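Here is the file run.csv (CSV, C-alpha atoms).
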```
chain,number,residue,atom,x,y,z
A,1,MET,CA,18.6,13.0,27.4
A,2,PRO,CA,17.2,13.1,23.9
A,3,PHE,CA,18.0,10.2,21.5
A,4,LYS,CA,17.4,10.3,17.8
A,5,ILE,CA,16.0,7.0,16.7
A,6,ASP,CA,14.7,6.0,13.2
A,7,LEU,CA,12.0,3.4,14.0
A,8,HIS,CA,11.5,2.0,10.5
A,9,THR,CA,14.4,0.9,8.3
A,10,HIS,CA,15.4,-1.9,5.9
A,11,SER,CA,18.5,-3.7,4.8
A,12,PHE,CA,19.3,-6.0,1.9
A,13,PHE,CA,17.7,-8.8,4.0
A,14,SER,CA,14.4,-7.2,2.8
A,15,GLY,CA,13.5,-8.2,-0.7
A,16,ASP,CA,13.4,-4.5,-1.7
A,17,GLY,CA,16.3,-3.3,0.4
A,18,VAL,CA,19.8,-2.7,-1.1
A,19,SER,CA,22.2,-1.7,1.7
A,20,SER,CA,24.0,-3.9,4.2
A,21,PRO,CA,23.4,-3.5,7.9
A,22,GLU,CA,26.9,-2.1,8.2
A,23,GLU,CA,26.2,0.5,5.6
A,24,ASN,CA,23.0,1.5,7.4
A,25,ILE,CA,24.9,1.9,10.7
A,26,ALA,CA,27.6,4.0,9.1
A,27,ALA,CA,25.0,6.2,7.4
A,28,ALA,CA,23.0,6.6,10.6
A,29,ARG,CA,26.0,7.6,12.7
A,30,ALA,CA,27.0,10.1,10.0
A,31,ARG,CA,23.5,11.7,10.2
A,32,GLY,CA,23.8,12.0,14.0
A,33,LEU,CA,21.3,9.3,14.9
A,34,ASP,CA,21.7,7.4,18.2
A,35,GLY,CA,20.1,4.2,16.8
A,36,PHE,CA,17.5,2.7,14.6
A,37,ALA,CA,15.0,-0.2,14.4
A,38,LEU,CA,15.8,-2.8,11.8
A,39,THR,CA,12.4,-3.7,10.4
A,40,ASP,CA,13.0,-5.9,7.4
A,41,HIS,CA,10.0,-7.4,5.6
A,42,ASN,CA,8.8,-10.6,7.2
A,43,THR,CA,12.3,-11.7,8.4
A,44,ASN,CA,14.6,-11.4,11.4
A,45,ASN,CA,17.7,-12.4,9.4
A,46,GLY,CA,19.2,-8.9,9.6
A,47,VAL,CA,18.9,-8.9,13.4
A,48,GLU,CA,20.4,-12.3,13.6
A,49,TYR,CA,23.3,-11.2,11.4
A,50,LEU,CA,24.0,-8.1,13.6
A,51,LEU,CA,24.0,-10.2,16.7
A,52,GLU,CA,26.5,-12.6,15.2
A,53,LYS,CA,28.7,-9.7,14.1
A,54,GLY,CA,28.6,-8.2,17.6
A,55,LEU,CA,27.0,-5.0,16.3
A,56,MET,CA,24.0,-5.4,18.6
A,57,ARG,CA,23.5,-7.1,21.9
A,58,GLU,CA,21.0,-9.7,23.2
A,59,ASP,CA,20.6,-7.8,26.4
A,60,GLY,CA,19.3,-4.7,24.6
A,61,MET,CA,22.2,-2.4,25.5
A,62,PRO,CA,23.9,-0.2,22.9
A,63,VAL,CA,27.2,-1.1,21.2
A,64,ASP,CA,29.7,1.8,21.1
A,65,ASN,CA,26.9,4.2,22.1
A,66,PHE,CA,24.7,3.1,19.2
A,67,LEU,CA,21.5,1.1,19.7
A,68,ILE,CA,19.9,-1.2,17.1
A,69,ILE,CA,16.4,-2.2,18.0
A,70,PRO,CA,15.2,-5.6,16.8
A,71,GLY,CA,12.0,-5.5,14.7
A,72,VAL,CA,10.2,-6.7,11.6
A,73,GLU,CA,7.6,-5.3,9.2
A,74,VAL,CA,4.9,-8.0,8.9
A,75,THR,CA,2.7,-8.2,5.9
A,76,THR,CA,-0.5,-9.1,7.7
A,77,ALA,CA,-3.8,-10.0,6.0
A,78,GLU,CA,-4.9,-6.4,6.4
A,79,GLY,CA,-1.7,-4.5,5.7
A,80,HIS,CA,1.7,-3.8,7.1
A,81,LEU,CA,2.4,-3.8,10.8
A,82,LEU,CA,5.7,-3.0,12.5
A,83,CYS,CA,6.9,-5.1,15.4
A,84,ILE,CA,9.4,-2.9,17.4
A,85,GLY,CA,11.6,-4.4,20.1
A,86,ALA,CA,11.1,-8.1,19.5
A,87,SER,CA,11.7,-10.9,16.9
A,88,LEU,CA,8.9,-12.9,15.4
A,89,PRO,CA,8.4,-16.1,13.5
A,90,TYR,CA,7.3,-15.9,9.9
A,91,LEU,CA,3.8,-14.4,10.0
A,92,LYS,CA,3.1,-13.2,6.5
A,93,GLY,CA,-0.6,-13.3,5.7
A,94,LYS,CA,-1.7,-13.8,9.3
A,95,PRO,CA,-4.5,-11.6,10.7
A,96,ALA,CA,-3.3,-8.3,12.1
A,97,HIS,CA,-5.0,-8.9,15.4
A,98,GLU,CA,-3.2,-12.2,15.8
A,99,VAL,CA,0.1,-10.6,14.9
A,100,CYS,CA,-0.5,-7.8,17.5
A,101,GLU,CA,-1.1,-10.4,20.2
A,102,LEU,CA,2.2,-12.2,19.4
A,103,ILE,CA,4.1,-9.0,19.4
A,104,HIS,CA,2.9,-8.2,22.9
A,105,GLU,CA,3.6,-11.7,24.1
A,106,ARG,CA,7.2,-11.2,23.0
A,107,GLY,CA,7.5,-7.8,24.7
A,108,GLY,CA,7.4,-5.7,21.6
A,109,LEU,CA,5.3,-2.8,20.4
A,110,ALA,CA,2.8,-3.0,17.6
A,111,ILE,CA,3.0,0.1,15.4
A,112,PRO,CA,1.2,0.3,12.0
A,113,PRO,CA,3.4,2.1,9.4
A,114,HIS,CA,2.1,4.4,6.6
A,115,PRO,CA,-1.6,3.8,7.5
A,116,TYR,CA,-4.1,4.9,4.9
A,117,ASP,CA,-1.4,4.7,2.1
A,118,LEU,CA,-3.5,3.0,-0.6
A,119,PHE,CA,-0.4,2.1,-2.6
A,120,ARG,CA,1.8,0.6,0.1
A,121,ALA,CA,-0.5,-1.8,2.0
A,122,GLY,CA,-1.3,0.6,4.8
A,123,ILE,CA,-3.8,-0.7,7.4
A,124,ARG,CA,-7.2,0.9,6.9
A,125,PHE,CA,-9.4,2.8,9.4
A,126,SER,CA,-11.9,-0.1,9.8
A,127,THR,CA,-9.1,-2.4,11.0
A,128,LEU,CA,-7.2,0.2,13.1
A,129,GLU,CA,-10.4,0.9,15.1
A,130,ASN,CA,-10.3,-2.6,16.6
A,131,LEU,CA,-6.6,-3.3,16.7
A,132,PRO,CA,-4.7,-3.2,20.0
A,133,ILE,CA,-1.8,-1.1,18.7
A,134,ASP,CA,0.7,0.8,20.9
A,135,ALA,CA,1.5,3.8,18.7
A,136,LEU,CA,1.0,5.0,15.2
A,137,GLU,CA,3.5,6.0,12.6
A,138,VAL,CA,2.2,9.4,11.7
A,139,PHE,CA,5.1,10.6,9.5
A,140,ASN,CA,6.6,8.3,6.9
A,141,ALA,CA,9.3,9.9,4.8
A,142,ALA,CA,8.5,7.7,1.9
A,143,THR,CA,4.7,8.0,1.9
A,144,THR,CA,3.1,8.0,-1.6
A,145,LEU,CA,1.0,11.0,-1.0
A,146,ARG,CA,1.6,13.5,1.8
A,147,ARG,CA,-2.0,13.7,2.8
A,148,TYR,CA,-1.7,10.1,4.1
A,149,ASN,CA,0.6,11.4,6.9
A,150,ARG,CA,-2.0,14.0,7.8
A,151,TYR,CA,-4.7,11.4,8.0
A,152,ALA,CA,-2.5,9.3,10.3
A,153,PHE,CA,-1.7,12.3,12.5
A,154,GLU,CA,-5.4,13.2,12.9
A,155,TYR,CA,-6.4,9.6,13.7
A,156,ALA,CA,-3.7,9.2,16.3
A,157,LYS,CA,-4.6,12.6,17.8
A,158,GLY,CA,-8.2,11.6,18.0
A,159,ARG,CA,-7.5,8.2,19.6
A,160,GLY,CA,-4.8,9.5,21.9
A,161,LEU,CA,-2.1,7.3,20.5
A,162,PRO,CA,1.6,7.9,20.8
A,163,MET,CA,3.1,9.0,17.5
A,164,THR,CA,6.3,8.1,15.7
A,165,ALA,CA,8.2,9.4,12.6
A,166,ALA,CA,10.5,7.3,10.5
A,167,SER,CA,12.4,7.2,7.2
A,168,ASP,CA,11.2,3.8,5.9
A,169,ALA,CA,14.7,3.8,4.3
A,170,HIS,CA,15.4,1.0,1.8
A,171,HIS,CA,18.8,2.5,1.0
A,172,HIS,CA,21.4,3.7,3.5
A,173,ALA,CA,21.3,7.2,2.0
A,174,ALA,CA,17.8,7.7,3.3
A,175,ILE,CA,18.4,6.6,6.9
A,176,GLY,CA,17.5,9.3,9.3
A,177,THR,CA,15.5,11.4,6.8
A,178,ALA,CA,12.8,11.3,9.5
A,179,PHE,CA,13.1,10.1,13.1
A,180,THR,CA,11.6,10.1,16.5
A,181,ILE,CA,13.3,12.0,19.4
A,182,LEU,CA,13.0,10.0,22.5
A,183,ASN,CA,13.9,11.8,25.8
A,184,THR,CA,14.9,9.2,28.4
A,185,ALA,CA,17.7,8.6,30.9
A,186,ASP,CA,17.6,4.9,30.0
A,187,PHE,CA,19.4,4.4,26.8
A,188,SER,CA,18.6,0.7,26.3
A,189,LEU,CA,16.0,-1.3,24.5
A,190,GLY,CA,13.7,-1.3,27.5
A,191,GLY,CA,14.1,2.4,28.0
A,192,ILE,CA,13.5,3.3,24.4
A,193,LEU,CA,10.4,1.1,24.2
A,194,ALA,CA,9.0,2.7,27.4
A,195,GLN,CA,9.6,6.2,26.0
A,196,ILE,CA,7.9,5.4,22.6
A,197,LEU,CA,4.6,5.0,24.6
A,198,LYS,CA,4.9,8.7,25.8
A,199,SER,CA,4.7,12.0,23.9
A,200,ASN,CA,7.7,12.6,21.8
A,201,LYS,CA,9.1,15.1,19.3
A,202,LEU,CA,9.2,14.1,15.7
A,203,ASN,CA,11.7,15.1,13.0
A,204,GLN,CA,9.7,15.3,9.8
A,205,GLU,CA,11.5,15.4,6.4
A,206,TYR,CA,10.5,13.7,3.2
A,207,LEU,CA,12.8,11.6,1.0
A,208,THR,CA,14.5,13.4,-1.8
A,209,PRO,CA,13.1,12.7,-5.4
A,210,GLN,CA,16.2,10.6,-6.0
A,211,ASP,CA,15.5,8.4,-3.0
A,212,ASN,CA,11.9,8.1,-4.0
A,213,VAL,CA,12.8,6.9,-7.5
A,214,ARG,CA,15.3,4.5,-6.1
A,215,LYS,CA,12.7,3.0,-3.7
A,216,THR,CA,10.1,2.7,-6.4
A,217,TRP,CA,12.7,1.0,-8.7
A,218,ASN,CA,13.7,-1.5,-5.9
A,219,ASN,CA,10.0,-2.3,-5.3
A,220,TRP,CA,9.4,-3.0,-9.0
A,221,MET,CA,12.5,-5.2,-9.2
A,222,ARG,CA,11.4,-7.1,-6.1
A,223,LEU,CA,8.0,-7.8,-7.6
A,224,ARG,CA,9.5,-8.7,-11.0
A,225,ARG,CA,12.0,-11.2,-9.4
A,226,ARG,CA,9.2,-12.9,-7.4
A,227,LYS,CA,6.7,-13.2,-10.2
A,228,PRO,CA,6.2,-17.0,-10.9
A,229,PRO,CA,6.8,-18.2,-14.4
A,230,LEU,CA,3.8,-18.7,-16.6
A,231,PRO,CA,3.0,-22.3,-17.4
A,232,LYS,CA,3.8,-23.3,-21.0
A,233,PRO,CA,0.9,-24.1,-23.3
A,234,ALA,CA,0.0,-27.7,-23.6
A,235,ALA,CA,0.9,-27.6,-27.3
A,236,GLU,CA,4.5,-26.6,-26.5
A,237,LEU,CA,4.8,-29.3,-23.9
A,238,THR,CA,3.6,-32.0,-26.3
A,239,GLY,CA,5.3,-30.5,-29.4
A,240,LYS,CA,1.9,-30.5,-31.2
A,241,GLY,CA,0.1,-27.6,-32.8
A,242,ALA,CA,-3.3,-26.3,-31.8
```
Rewrite the structure from the file as structure tokens, please.
Amino acid sequence: MPFKIDLHTHSFFSGDGVSSPEENIAAARARGLDGFALTDHNTNNGVEYLLEKGLMREDGMPVDNFLIIPGVEVTTAEGHLLCIGASLPYLKGKPAHEVCELIHERGGLAIPPHPYDLFRAGIRFSTLENLPIDALEVFNAATTLRRYNRYAFEYAKGRGLPMTAASDAHHHAAIGTAFTILNTADFSLGGILAQILKSNKLNQEYLTPQDNVRKTWNNWMRLRRRKPPLPKPAAELTGKGA
């Protein structure tokens, strides 16, 4: 049976996400999705929240015929890397190879998102070549330039990697813009992870201009909020002139 799964989404537990996990679930159901992976930036807080609320299960089974896959988008030293199917400790800044190893130790899949995207910390070719990844996101609905998706597709094809498509939604309205169609009889976390490693159909649609503007604005606000304050000049601190 085919299941429509968005394998790259964010909630307000990401610094640049704006929607609650509940809003994401409602939007995903309205679009006809069967589930999504929650891949907030460098945190599992959203997954822990959903478990506490009973909206996802520890045993990897769906809740009310809807499956939420635990995940995280790690900002590695070489670029962004999705962990699909497992939770991780805080790993921001760690080498991508080290992060891949920990993902596999925990039973997850390592999937680089938006590779080649020069503006969004995509992992570059030189790193991909030696990285033990399980699949490649070849269609990202929010990619900066569409040719980056073509580059990713050609790379995955040449290396024989399984391919995924995802929305990279940071707002509930964008959930399910793109998704992966996984044909399996086992609608569980284990069944979906096993199917990702095979050949799958991809639904490929780009974000609307409105969603792209919203995402860019949210990214800008996140960076602005986290910018450390500049130290005051010594003259101000002492009350003396130059």
Using only C-alpha atoms, which residues sit within 7 Å of stretch 36-51 of chain A once same-chain residues fewer than 4 positions away are excluded, as number ranges by chain? A: 5-11, 13-14, 55-57, 67-75, 84, 87, 90-92
Export of prior selection with C-alpha atoms as a short mmCIF file (atom, residue, chain, number, x, y, z; two decimals), keeping the file's coordinate frame:
```cif
data_model
loop_
_atom_site.label_atom_id
_atom_site.label_comp_id
_atom_site.auth_asym_id
_atom_site.auth_seq_id
_atom_site.Cartn_x
_atom_site.Cartn_y
_atom_site.Cartn_z
CA ILE A 5 16.00 7.00 16.70
CA ASP A 6 14.70 6.00 13.20
CA LEU A 7 12.00 3.40 14.00
CA HIS A 8 11.50 2.00 10.50
CA THR A 9 14.40 0.90 8.30
CA HIS A 10 15.40 -1.90 5.90
CA SER A 11 18.50 -3.70 4.80
CA PHE A 13 17.70 -8.80 4.00
CA SER A 14 14.40 -7.20 2.80
CA LEU A 55 27.00 -5.00 16.30
CA MET A 56 24.00 -5.40 18.60
CA ARG A 57 23.50 -7.10 21.90
CA LEU A 67 21.50 1.10 19.70
CA ILE A 68 19.90 -1.20 17.10
CA ILE A 69 16.40 -2.20 18.00
CA PRO A 70 15.20 -5.60 16.80
CA GLY A 71 12.00 -5.50 14.70
CA VAL A 72 10.20 -6.70 11.60
CA GLU A 73 7.60 -5.30 9.20
CA VAL A 74 4.90 -8.00 8.90
CA THR A 75 2.70 -8.20 5.90
CA ILE A 84 9.40 -2.90 17.40
CA SER A 87 11.70 -10.90 16.90
CA TYR A 90 7.30 -15.90 9.90
CA LEU A 91 3.80 -14.40 10.00
CA LYS A 92 3.10 -13.20 6.50
#
```
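Take atom CA of A:Thr164 and atom CA of A:Tyr151: the distance between them is 13.8 Å.
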| request: Quick one: residues within 10 Å of (-2.2, 9.3, 3.3) (file frame), counting only C-alpha atoms, please, as a PyMOL selection string. | output: chain A and resi 114-119+122+138-140+143-153
Query raised in the report: So which one's closest to A:Ile175, A:Thr76, A:Thr127, A:Asn24, A:Ser199? Using all atoms listed in the file, please.
Result: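 Checking each of A:Thr76, A:Thr127, A:Asn24, A:Ser199 against A:Ile175, counting all atoms listed in the file, the winner is A:Asn24.
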Closest of A:Asp134, A:Asn200, A:Phe179, A:Pro89 to A:His104, counting all atoms listed in the file, is A:Asp134
One decimal, Å: what's the distance from atom CA of A:Leu189 over to atom CA of A:Ala110, could you say?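 Pair atom CA of A:Leu189 / atom CA of A:Ala110 returns 15.0 Å.
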Computed gap from atom CA of A:Cys83 to atom CA of A:Gly60 is 15.4 Å
Could you check which residues have any atom within 6 Å of (6.7, -7.6, 20.5), counting all atoms listed in the file with coordinates taken straight from the file, and then list them as a tab-separated table (two decimals) with C-alpha atoms, keeping the file's coordinate frame?
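Just written: part_24.tsv:
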```tsv
chain	number	residue	atom	x	y	z
A	83	CYS	CA	6.90	-5.10	15.40
A	85	GLY	CA	11.60	-4.40	20.10
A	86	ALA	CA	11.10	-8.10	19.50
A	103	ILE	CA	4.10	-9.00	19.40
A	104	HIS	CA	2.90	-8.20	22.90
A	106	ARG	CA	7.20	-11.20	23.00
A	107	GLY	CA	7.50	-7.80	24.70
A	108	GLY	CA	7.40	-5.70	21.60
A	109	LEU	CA	5.30	-2.80	20.40
```
Using all atoms listed in the file, the residue out of A:Leu88, A:His97, A:Ile196, A:Leu102 with shortest distance to A:Glu137 is A:Ile196
Nearest to A:Gly54, restricted to all atoms listed in the file and choosing among A:Gly160, A:Pro112, A:Gly191, A:Pro21, comes out as A:Pro21
Of A:Ala141, A:Ala174, A:Ala30, A:Leu128, the one sitting nearest A:Ala156 when using only C-alpha atoms is A:Leu128
- Contact residues around A:Asp186 with all atoms listed in the file at 12 Å, ignoring same-chain residues under 3 positions, as number ranges by chain: A: 1-3, 60-62, 67, 182-183, 189-195
Next on the checklist: Just checking: using only C-alpha atoms, which residue out of A:Phe12, A:Ala178, A:Leu136, A:Phe66 ends up closest to A:Ala26?
Outcome noted: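 Comparing A:Phe12, A:Ala178, A:Leu136, A:Phe66 against A:Ala26, the winner is A:Phe66.
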Generate N, CA and C atoms for stretch 82-101 of chain A and emit them as a PDB file, in the frame of the given file.
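Written file, out-v9.pdb:
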```pdb
ATOM      1  N   LEU A  82       4.362  -2.953  11.974  1.00  0.00           N
ATOM      2  CA  LEU A  82       5.700  -3.000  12.500  1.00  0.00           C
ATOM      3  C   LEU A  82       5.676  -3.650  13.918  1.00  0.00           C
ATOM      4  N   CYS A  83       6.606  -4.570  14.114  1.00  0.00           N
ATOM      5  CA  CYS A  83       6.900  -5.100  15.400  1.00  0.00           C
ATOM      6  C   CYS A  83       8.225  -4.375  15.842  1.00  0.00           C
ATOM      7  N   ILE A  84       8.193  -3.612  16.914  1.00  0.00           N
ATOM      8  CA  ILE A  84       9.400  -2.900  17.400  1.00  0.00           C
ATOM      9  C   ILE A  84       9.783  -3.456  18.733  1.00  0.00           C
ATOM     10  N   GLY A  85      11.020  -3.967  18.802  1.00  0.00           N
ATOM     11  CA  GLY A  85      11.600  -4.400  20.100  1.00  0.00           C
ATOM     12  C   GLY A  85      11.550  -5.913  20.302  1.00  0.00           C
ATOM     13  N   ALA A  86      11.171  -6.683  19.289  1.00  0.00           N
ATOM     14  CA  ALA A  86      11.100  -8.100  19.500  1.00  0.00           C
ATOM     15  C   ALA A  86      11.321  -8.815  18.105  1.00  0.00           C
ATOM     16  N   SER A  87      11.668 -10.095  18.141  1.00  0.00           N
ATOM     17  CA  SER A  87      11.700 -10.900  16.900  1.00  0.00           C
ATOM     18  C   SER A  87      10.494 -11.782  16.846  1.00  0.00           C
ATOM     19  N   LEU A  88      10.124 -12.141  15.626  1.00  0.00           N
ATOM     20  CA  LEU A  88       8.900 -12.900  15.400  1.00  0.00           C
ATOM     21  C   LEU A  88       9.175 -14.073  14.450  1.00  0.00           C
ATOM     22  N   PRO A  89       8.359 -15.110  14.519  1.00  0.00           N
ATOM     23  CA  PRO A  89       8.400 -16.100  13.500  1.00  0.00           C
ATOM     24  C   PRO A  89       7.823 -15.585  12.186  1.00  0.00           C
ATOM     25  N   TYR A  90       7.863 -16.358  11.142  1.00  0.00           N
ATOM     26  CA  TYR A  90       7.300 -15.900   9.900  1.00  0.00           C
ATOM     27  C   TYR A  90       5.777 -15.854   9.969  1.00  0.00           C
ATOM     28  N   LEU A  91       5.235 -14.644   9.775  1.00  0.00           N
ATOM     29  CA  LEU A  91       3.800 -14.400  10.000  1.00  0.00           C
ATOM     30  C   LEU A  91       3.088 -13.828   8.792  1.00  0.00           C
ATOM     31  N   LYS A  92       3.732 -13.791   7.667  1.00  0.00           N
ATOM     32  CA  LYS A  92       3.100 -13.200   6.500  1.00  0.00           C
ATOM     33  C   LYS A  92       1.755 -13.776   6.199  1.00  0.00           C
ATOM     34  N   GLY A  93       0.762 -12.884   6.021  1.00  0.00           N
ATOM     35  CA  GLY A  93      -0.600 -13.300   5.700  1.00  0.00           C
ATOM     36  C   GLY A  93      -1.475 -13.598   6.886  1.00  0.00           C
ATOM     37  N   LYS A  94      -0.924 -13.542   8.095  1.00  0.00           N
ATOM     38  CA  LYS A  94      -1.700 -13.800   9.300  1.00  0.00           C
ATOM     39  C   LYS A  94      -2.586 -12.544   9.600  1.00  0.00           C
ATOM     40  N   PRO A  95      -3.710 -12.718  10.300  1.00  0.00           N
ATOM     41  CA  PRO A  95      -4.500 -11.600  10.700  1.00  0.00           C
ATOM     42  C   PRO A  95      -3.774 -10.579  11.543  1.00  0.00           C
ATOM     43  N   ALA A  96      -3.996  -9.294  11.330  1.00  0.00           N
ATOM     44  CA  ALA A  96      -3.300  -8.300  12.100  1.00  0.00           C
ATOM     45  C   ALA A  96      -3.488  -8.375  13.570  1.00  0.00           C
ATOM     46  N   HIS A  97      -4.695  -8.728  13.984  1.00  0.00           N
ATOM     47  CA  HIS A  97      -5.000  -8.900  15.400  1.00  0.00           C
ATOM     48  C   HIS A  97      -4.151  -9.968  16.033  1.00  0.00           C
ATOM     49  N   GLU A  98      -4.010 -11.066  15.323  1.00  0.00           N
ATOM     50  CA  GLU A  98      -3.200 -12.200  15.800  1.00  0.00           C
ATOM     51  C   GLU A  98      -1.725 -11.790  15.910  1.00  0.00           C
ATOM     52  N   VAL A  99      -1.247 -11.025  14.926  1.00  0.00           N
ATOM     53  CA  VAL A  99       0.100 -10.600  14.900  1.00  0.00           C
ATOM     54  C   VAL A  99       0.378  -9.627  16.114  1.00  0.00           C
ATOM     55  N   CYS A 100      -0.569  -8.725  16.364  1.00  0.00           N
ATOM     56  CA  CYS A 100      -0.500  -7.800  17.500  1.00  0.00           C
ATOM     57  C   CYS A 100      -0.313  -8.591  18.817  1.00  0.00           C
ATOM     58  N   GLU A 101      -1.118  -9.614  18.973  1.00  0.00           N
ATOM     59  CA  GLU A 101      -1.100 -10.400  20.200  1.00  0.00           C
ATOM     60  C   GLU A 101       0.280 -11.067  20.395  1.00  0.00           C
TER      61      GLU A 101
END
```
